[in-house]
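Novice: Sharing upload-v7.tsv, TSV, C-alpha atoms:
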chain	number	residue	atom	x	y	z
A	1	MET	CA	-13.51	-8.15	10.78
A	2	GLN	CA	-12.86	-5.78	7.92
A	3	LEU	CA	-9.48	-4.53	6.78
A	4	LEU	CA	-9.57	-1.28	4.83
A	5	LEU	CA	-6.35	-1.19	2.82
A	6	ILE	CA	-5.65	2.38	1.71
A	7	ARG	CA	-2.92	3.63	-0.58
A	8	HIS	CA	-1.37	7.00	0.24
A	9	GLY	CA	-2.27	10.14	-1.71
A	10	GLU	CA	-0.41	11.29	-4.79
A	11	THR	CA	3.20	12.53	-4.64
A	12	THR	CA	5.33	14.37	-7.18
A	13	TYR	CA	7.10	11.06	-7.91
A	14	ASN	CA	3.76	9.43	-8.76
A	15	ALA	CA	2.91	12.31	-11.08
A	16	GLN	CA	6.34	12.13	-12.75
A	17	GLY	CA	6.39	8.33	-13.06
A	18	LEU	CA	9.57	7.92	-11.00
A	19	ILE	CA	10.44	4.70	-9.18
A	20	TYR	CA	10.60	4.92	-5.40
A	21	GLY	CA	10.17	2.69	-2.40
A	22	HIS	CA	11.52	3.86	0.96
A	23	ALA	CA	12.26	7.46	-0.10
A	24	GLN	CA	10.58	10.06	2.09
A	25	ILE	CA	8.48	11.90	-0.49
A	26	PRO	CA	5.53	13.95	0.86
A	27	LEU	CA	2.10	14.31	-0.68
A	28	ASN	CA	1.78	16.89	-3.42
A	29	GLU	CA	-1.14	19.32	-3.55
A	30	ARG	CA	-3.39	16.84	-5.35
A	31	GLY	CA	-2.46	14.13	-2.86
A	32	GLN	CA	-3.40	16.40	0.05
A	33	VAL	CA	-6.82	16.97	-1.52
A	34	GLN	CA	-7.23	13.22	-2.02
A	35	ALA	CA	-6.34	12.57	1.63
A	36	HIS	CA	-8.83	15.21	2.79
A	37	ARG	CA	-11.60	13.61	0.72
A	38	LEU	CA	-10.66	10.21	2.13
A	39	GLY	CA	-10.96	11.57	5.66
A	40	GLN	CA	-14.36	13.07	4.85
A	41	ARG	CA	-15.57	9.77	3.44
A	42	LEU	CA	-14.49	7.78	6.50
A	43	LYS	CA	-15.37	10.26	9.25
A	44	GLN	CA	-18.77	8.63	9.87
A	45	GLN	CA	-17.35	5.11	9.53
A	46	GLN	CA	-16.80	3.21	12.75
A	47	ILE	CA	-13.07	2.44	12.90
A	48	HIS	CA	-11.30	0.60	15.70
A	49	ALA	CA	-7.64	1.08	14.75
A	50	VAL	CA	-5.47	2.82	12.16
A	51	TYR	CA	-2.11	1.35	11.19
A	52	SER	CA	0.25	3.11	8.80
A	53	SER	CA	3.56	2.67	7.07
A	54	ASP	CA	6.11	4.93	8.74
A	55	LEU	CA	6.89	6.64	5.41
A	56	ILE	CA	5.72	10.25	5.38
A	57	ARG	CA	3.33	9.95	2.43
A	58	ALA	CA	1.41	7.19	4.20
A	59	MET	CA	1.45	8.91	7.60
A	60	HIS	CA	0.11	12.16	6.15
A	61	THR	CA	-2.72	10.21	4.53
A	62	ALA	CA	-3.44	8.30	7.75
A	63	HIS	CA	-3.63	11.52	9.77
A	64	ALA	CA	-6.53	12.62	7.55
A	65	ILE	CA	-8.44	9.59	8.89
A	66	VAL	CA	-7.35	9.80	12.52
A	67	ALA	CA	-8.36	13.48	12.64
A	68	HIS	CA	-12.02	12.38	12.72
A	69	HIS	CA	-11.64	9.54	15.23
A	70	ASP	CA	-10.50	9.23	18.83
A	71	LEU	CA	-7.65	6.90	17.91
A	72	GLN	CA	-3.86	6.81	18.10
A	73	LEU	CA	-2.06	6.28	14.81
A	74	VAL	CA	0.19	3.21	14.98
A	75	THR	CA	3.11	3.22	12.55
A	76	ASP	CA	4.81	0.04	11.37
A	77	MET	CA	7.93	-0.31	9.19
A	78	ALA	CA	6.60	-3.67	7.98
A	79	LEU	CA	3.97	-1.78	5.95
A	80	ARG	CA	6.58	0.07	3.88
A	81	GLU	CA	6.63	-0.06	0.10
A	82	LEU	CA	9.02	-2.41	-1.68
A	83	ASP	CA	12.69	-1.59	-1.08
A	84	VAL	CA	13.79	-0.87	-4.65
A	85	GLY	CA	17.43	-0.35	-3.68
A	86	GLU	CA	19.51	1.21	-6.44
A	87	TRP	CA	16.42	1.88	-8.56
A	88	GLU	CA	15.24	4.54	-6.09
A	89	HIS	CA	14.57	7.95	-7.74
A	90	LYS	CA	15.05	6.56	-11.28
A	91	SER	CA	12.74	6.60	-14.29
A	92	VAL	CA	11.91	3.47	-16.27
A	93	PRO	CA	14.12	4.62	-19.19
A	94	ASP	CA	16.99	5.09	-16.70
A	95	VAL	CA	16.55	1.52	-15.46
A	96	GLN	CA	16.28	0.13	-18.99
A	97	GLN	CA	19.58	1.79	-19.88
A	98	GLN	CA	21.53	1.12	-16.67
A	99	TYR	CA	20.19	-2.35	-15.78
A	100	PRO	CA	19.13	-3.94	-19.11
A	101	THR	CA	19.46	-7.56	-17.96
A	102	LEU	CA	17.67	-7.00	-14.67
A	103	TYR	CA	14.94	-5.04	-16.42
A	104	GLN	CA	14.34	-7.96	-18.78
A	105	GLN	CA	14.16	-10.25	-15.75
A	106	TYR	CA	11.66	-7.88	-14.15
A	107	CYS	CA	9.47	-7.93	-17.27
A	108	ALA	CA	9.51	-11.75	-17.32
A	109	THR	CA	9.03	-12.45	-13.59
A	110	PRO	CA	8.44	-9.18	-11.73
A	111	GLY	CA	7.71	-10.85	-8.42
A	112	GLU	CA	10.97	-12.80	-8.33
A	113	LEU	CA	13.46	-10.01	-9.09
A	114	VAL	CA	15.61	-9.03	-6.12
A	115	TYR	CA	16.21	-5.33	-6.71
A	116	PRO	CA	19.94	-4.48	-6.47
A	117	GLY	CA	20.47	-3.29	-2.91
A	118	GLY	CA	16.82	-3.96	-2.11
A	119	GLU	CA	14.30	-6.80	-1.89
A	120	SER	CA	11.89	-8.79	-4.04
A	121	HIS	CA	8.10	-8.58	-4.14
A	122	ARG	CA	8.07	-12.01	-2.54
A	123	ASP	CA	10.08	-10.59	0.37
A	124	LEU	CA	7.63	-7.69	0.57
A	125	GLN	CA	4.66	-10.04	0.64
A	126	GLN	CA	6.14	-12.11	3.45
A	127	ARG	CA	6.82	-9.14	5.71
A	128	VAL	CA	3.50	-7.39	5.10
A	129	MET	CA	1.39	-10.54	5.57
A	130	THR	CA	3.20	-11.21	8.84
A	131	ALA	CA	2.10	-7.73	9.96
A	132	VAL	CA	-1.49	-8.13	8.72
A	133	ASN	CA	-1.88	-11.49	10.45
A	134	ARG	CA	-0.57	-9.92	13.65
A	135	TYR	CA	-3.19	-7.15	13.48
A	136	VAL	CA	-5.93	-9.73	12.97
A	137	THR	CA	-4.93	-11.54	16.17
A	138	LEU	CA	-4.95	-8.28	18.14
A	139	HIS	CA	-8.53	-7.26	17.32
A	140	GLN	CA	-12.08	-8.52	17.74
A	141	LYS	CA	-14.01	-10.30	15.00
A	142	ASP	CA	-16.31	-7.32	14.32
A	143	ASP	CA	-13.60	-4.63	14.29
A	144	ILE	CA	-12.87	-2.41	11.30
A	145	ILE	CA	-9.16	-1.76	10.82
A	146	CYS	CA	-7.57	0.81	8.50
A	147	ILE	CA	-4.15	-0.04	7.06
A	148	VAL	CA	-2.61	2.91	5.21
A	149	CYS	CA	0.32	1.91	3.05
A	150	HIS	CA	1.43	1.65	-0.59
A	151	GLY	CA	0.40	0.33	-3.98
A	152	GLY	CA	2.93	-2.49	-4.05
A	153	THR	CA	2.12	-3.43	-0.47
A	154	ILE	CA	-1.61	-3.66	-1.15
A	155	ALA	CA	-1.08	-5.62	-4.38
A	156	ALA	CA	1.05	-8.11	-2.44
A	157	ILE	CA	-1.72	-8.54	0.14
A	158	VAL	CA	-4.36	-9.02	-2.57
A	159	CYS	CA	-2.20	-11.68	-4.26
A	160	ALA	CA	-1.89	-13.51	-0.93
A	161	VAL	CA	-5.64	-13.31	-0.21
A	162	LEU	CA	-6.59	-14.59	-3.68
A	163	GLY	CA	-3.83	-17.19	-3.85
A	164	LEU	CA	-2.31	-15.52	-6.91
A	165	ASN	CA	1.31	-15.87	-7.95
A	166	ILE	CA	3.22	-12.79	-6.81
A	167	ASN	CA	4.36	-12.29	-10.42
A	168	LEU	CA	0.80	-11.08	-11.13
A	169	HIS	CA	1.05	-8.13	-8.74
A	170	GLU	CA	1.64	-5.72	-11.65
A	171	ARG	CA	-1.84	-6.53	-12.99
A	172	ILE	CA	-3.53	-5.24	-9.85
A	173	ARG	CA	-4.29	-1.53	-10.09
A	174	ILE	CA	-4.27	0.44	-6.86
A	175	ASP	CA	-4.93	4.18	-7.22
A	176	ASN	CA	-3.84	6.89	-4.81
A	177	CYS	CA	-6.13	7.02	-1.74
A	178	ALA	CA	-8.22	4.12	-3.06
A	179	ILE	CA	-9.79	1.71	-0.55
A	180	THR	CA	-9.49	-2.06	-0.94
A	181	THR	CA	-11.65	-4.01	1.51
A	182	ILE	CA	-10.76	-7.43	2.89
A	183	GLU	CA	-13.21	-9.39	5.05
A	184	VAL	CA	-11.68	-11.71	7.64
A	185	THR	CA	-13.68	-14.71	8.82
A	186	HIS	CA	-12.66	-17.42	11.27
A	187	ASP	CA	-10.92	-19.43	8.56
A	188	ALA	CA	-10.07	-17.14	5.63
A	189	MET	CA	-9.67	-13.69	4.11
A	190	HIS	CA	-11.98	-12.57	1.30
A	191	LEU	CA	-11.59	-9.70	-1.16
A	192	VAL	CA	-14.79	-7.62	-0.97
A	193	CYS	CA	-13.87	-4.50	-2.93
A	194	LEU	CA	-10.80	-3.55	-4.96
A	195	ASN	CA	-9.53	-0.03	-5.65
A	196	ASP	CA	-12.57	2.06	-4.66
A	197	ASN	CA	-11.41	5.60	-5.41
A	198	THR	CA	-14.72	7.36	-6.02
A	199	HIS	CA	-14.05	9.83	-3.19
A	200	ALA	CA	-10.57	10.72	-4.51
A	201	THR	CA	-11.66	11.44	-8.08
A	202	SER	CA	-14.98	13.22	-7.52
As a first step, turn the structure in this file into structure tokens.

Specialist:
Amino acid sequence: MQLLLIRHGETTYNAQGLIYGHAQIPLNERGQVQAHRLGQRLKQQQIHAVYSSDLIRAMHTAHAIVAHHDLQLVTDMALRELDVGEWEHKSVPDVQQQYPTLYQQYCATPGELVYPGGESHRDLQQRVMTAVNRYVTLHQKDDIICIVCHGGTIAAIVCAVLGLNINLHERIRIDNCAITTIEVTHDAMHLVCLNDNTHATS
């Protein structure tokens, strides 16, 4: 089985460097182009299911895939980005000024910080891996499954697959509309390809 982990296309918040998690921010014009190119790349690929975060930026990206396949899009709240709580809609300088102690904690151990009013990356990893493991049990060993979600979500999955400490998630780069491929065997998950974004940048 292969899992194709796909980050959503670019949004205005991505372009502006703003922090956001569960906010409903749509794709910007560049993100729509990225999603279209993603759909073109995958239209000849055999795909057996498409799962998506229920946030609009992920769903819009997922629809670009489903448009070329006779499949129903399945949305799942468990695939959402990290809940950043009170940090939603803020810039890094805003956070540094308003939450200096928490920001220092984030810099030291980013995976452990519980965002005020939100969750930690460890919480995120637990909920998303529960969802991924559920999908694996629902499908056949040769199936190819698309999971359209978010940068933090994919980084958390990669950390789990590689056995990395969740504090290292910030060192894993996931570009908009990039594909990260995980191979599932009878006893393990293996990272095959990380952050393939050739279609989105061409």

Novice: Would you mind reading off the distance between atom CA of Ile19 of chain A and atom CA of Asp83 of chain A, one decimal, in Å?

Specialist: 10.5 Å

Novice: Contacts of Thr109 of chain A at 10 Å or less, counting all atoms listed in the file, minus same-chain residues fewer than 3 places along, as a PyMOL selection string?

Specialist: chain A and resi 103-106+112-113+166-168

Novice: Quote the spacing between atom CA of His121 of chain A and atom CA of His60 of chain A in Å to one decimal place.

Specialist: 24.5 Å

Novice: Grab the atom CA of Pro26 of chain A to atom CA of Gln46 of chain A distance for me, in Å with one decimal place.

Specialist: 27.5 Å

Novice: Hey, what's within 12 Å of segment 132-135 of chain A if we count only C-alpha atoms and toss same-chain stuff fewer than 3 positions away? As a VMD selection string, please?

Specialist: chain A and resid 1 to 5 48 to 52 74 76 78 to 79 125 to 129 138 to 141 143 to 149 153 to 154 156 to 158 160 to 161 182 184 188 to 189

Novice: Pick from A:Ser120, A:Thr201, A:Gln72, A:Gln98: nearest to His36 of chain A, with all atoms listed in the file counted?

Specialist: A:Thr201

Novice: Mind checking which residues fall within 12 Å of Arg173 of chain A, counting all atoms listed in the file, ignoring those fewer than 2 positions away in the same chain, and posting them as a compact mmCIF listing (two decimals) with C-alpha atoms, keeping the file's coordinate frame?

Specialist:
# COMPACT_ATOMS: atom_id res chain seq x y z
CA ARG A 7 -2.92 3.63 -0.58
CA HIS A 150 1.43 1.65 -0.59
CA GLY A 151 0.40 0.33 -3.98
CA GLY A 152 2.93 -2.49 -4.05
CA THR A 153 2.12 -3.43 -0.47
CA ILE A 154 -1.61 -3.66 -1.15
CA ALA A 155 -1.08 -5.62 -4.38
CA ALA A 156 1.05 -8.11 -2.44
CA VAL A 158 -4.36 -9.02 -2.57
CA CYS A 159 -2.20 -11.68 -4.26
CA LEU A 168 0.80 -11.08 -11.13
CA HIS A 169 1.05 -8.13 -8.74
CA GLU A 170 1.64 -5.72 -11.65
CA ARG A 171 -1.84 -6.53 -12.99
CA ASP A 175 -4.93 4.18 -7.22
CA ASN A 176 -3.84 6.89 -4.81
CA ALA A 178 -8.22 4.12 -3.06
CA ILE A 179 -9.79 1.71 -0.55
CA THR A 180 -9.49 -2.06 -0.94
CA LEU A 194 -10.80 -3.55 -4.96
CA ASN A 195 -9.53 -0.03 -5.65
CA ASP A 196 -12.57 2.06 -4.66
CA ASN A 197 -11.41 5.60 -5.41

Novice: Between A:Ala23, A:Thr12, A:Pro116, A:Ala58, which one has atoms that come closest to Thr101 of chain A, using all atoms listed in the file?

Specialist: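 Smallest distance to Thr101 of chain A is found for A:Pro116.
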
Novice: How big is the axis-aligned box, and where does its centre sit, when it encloses all atoms of segment 98-113 of chain A listed in the file and has 8 Å added on every side, reported in Å to one decimal as lines of an AutoDock Vina configuration file?

Specialist:
center_x = 14.6
center_y = -5.8
center_z = -13.7
size_x = 29.8
size_y = 29.9
size_z = 26.8

Novice: Which residues come within 9 Å of Trp87 of chain A, counting all atoms listed in the file, excluding same-chain residues fewer than 3 positions away, as JSON, numbers by chain?

Specialist: {"A": [19, 20, 21, 84, 90, 91, 94, 95, 115, 116, 117, 118]}

Novice: Counting all atoms listed in the file, figure out which residue out of A:Gln96, A:Thr130, A:Thr137, A:Thr198 gets nearest to Cys177 of chain A.

Specialist: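 The shortest atom-to-atom distance to Cys177 of chain A comes from A:Thr198.
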
Novice: Show which residues sit within 12 Å of His68 of chain A, as number ranges by chain. Count all atoms listed in the file, and ignore same-chain residues fewer than 3 positions away.

Specialist: A: 36, 38-47, 50, 62-65, 71-73
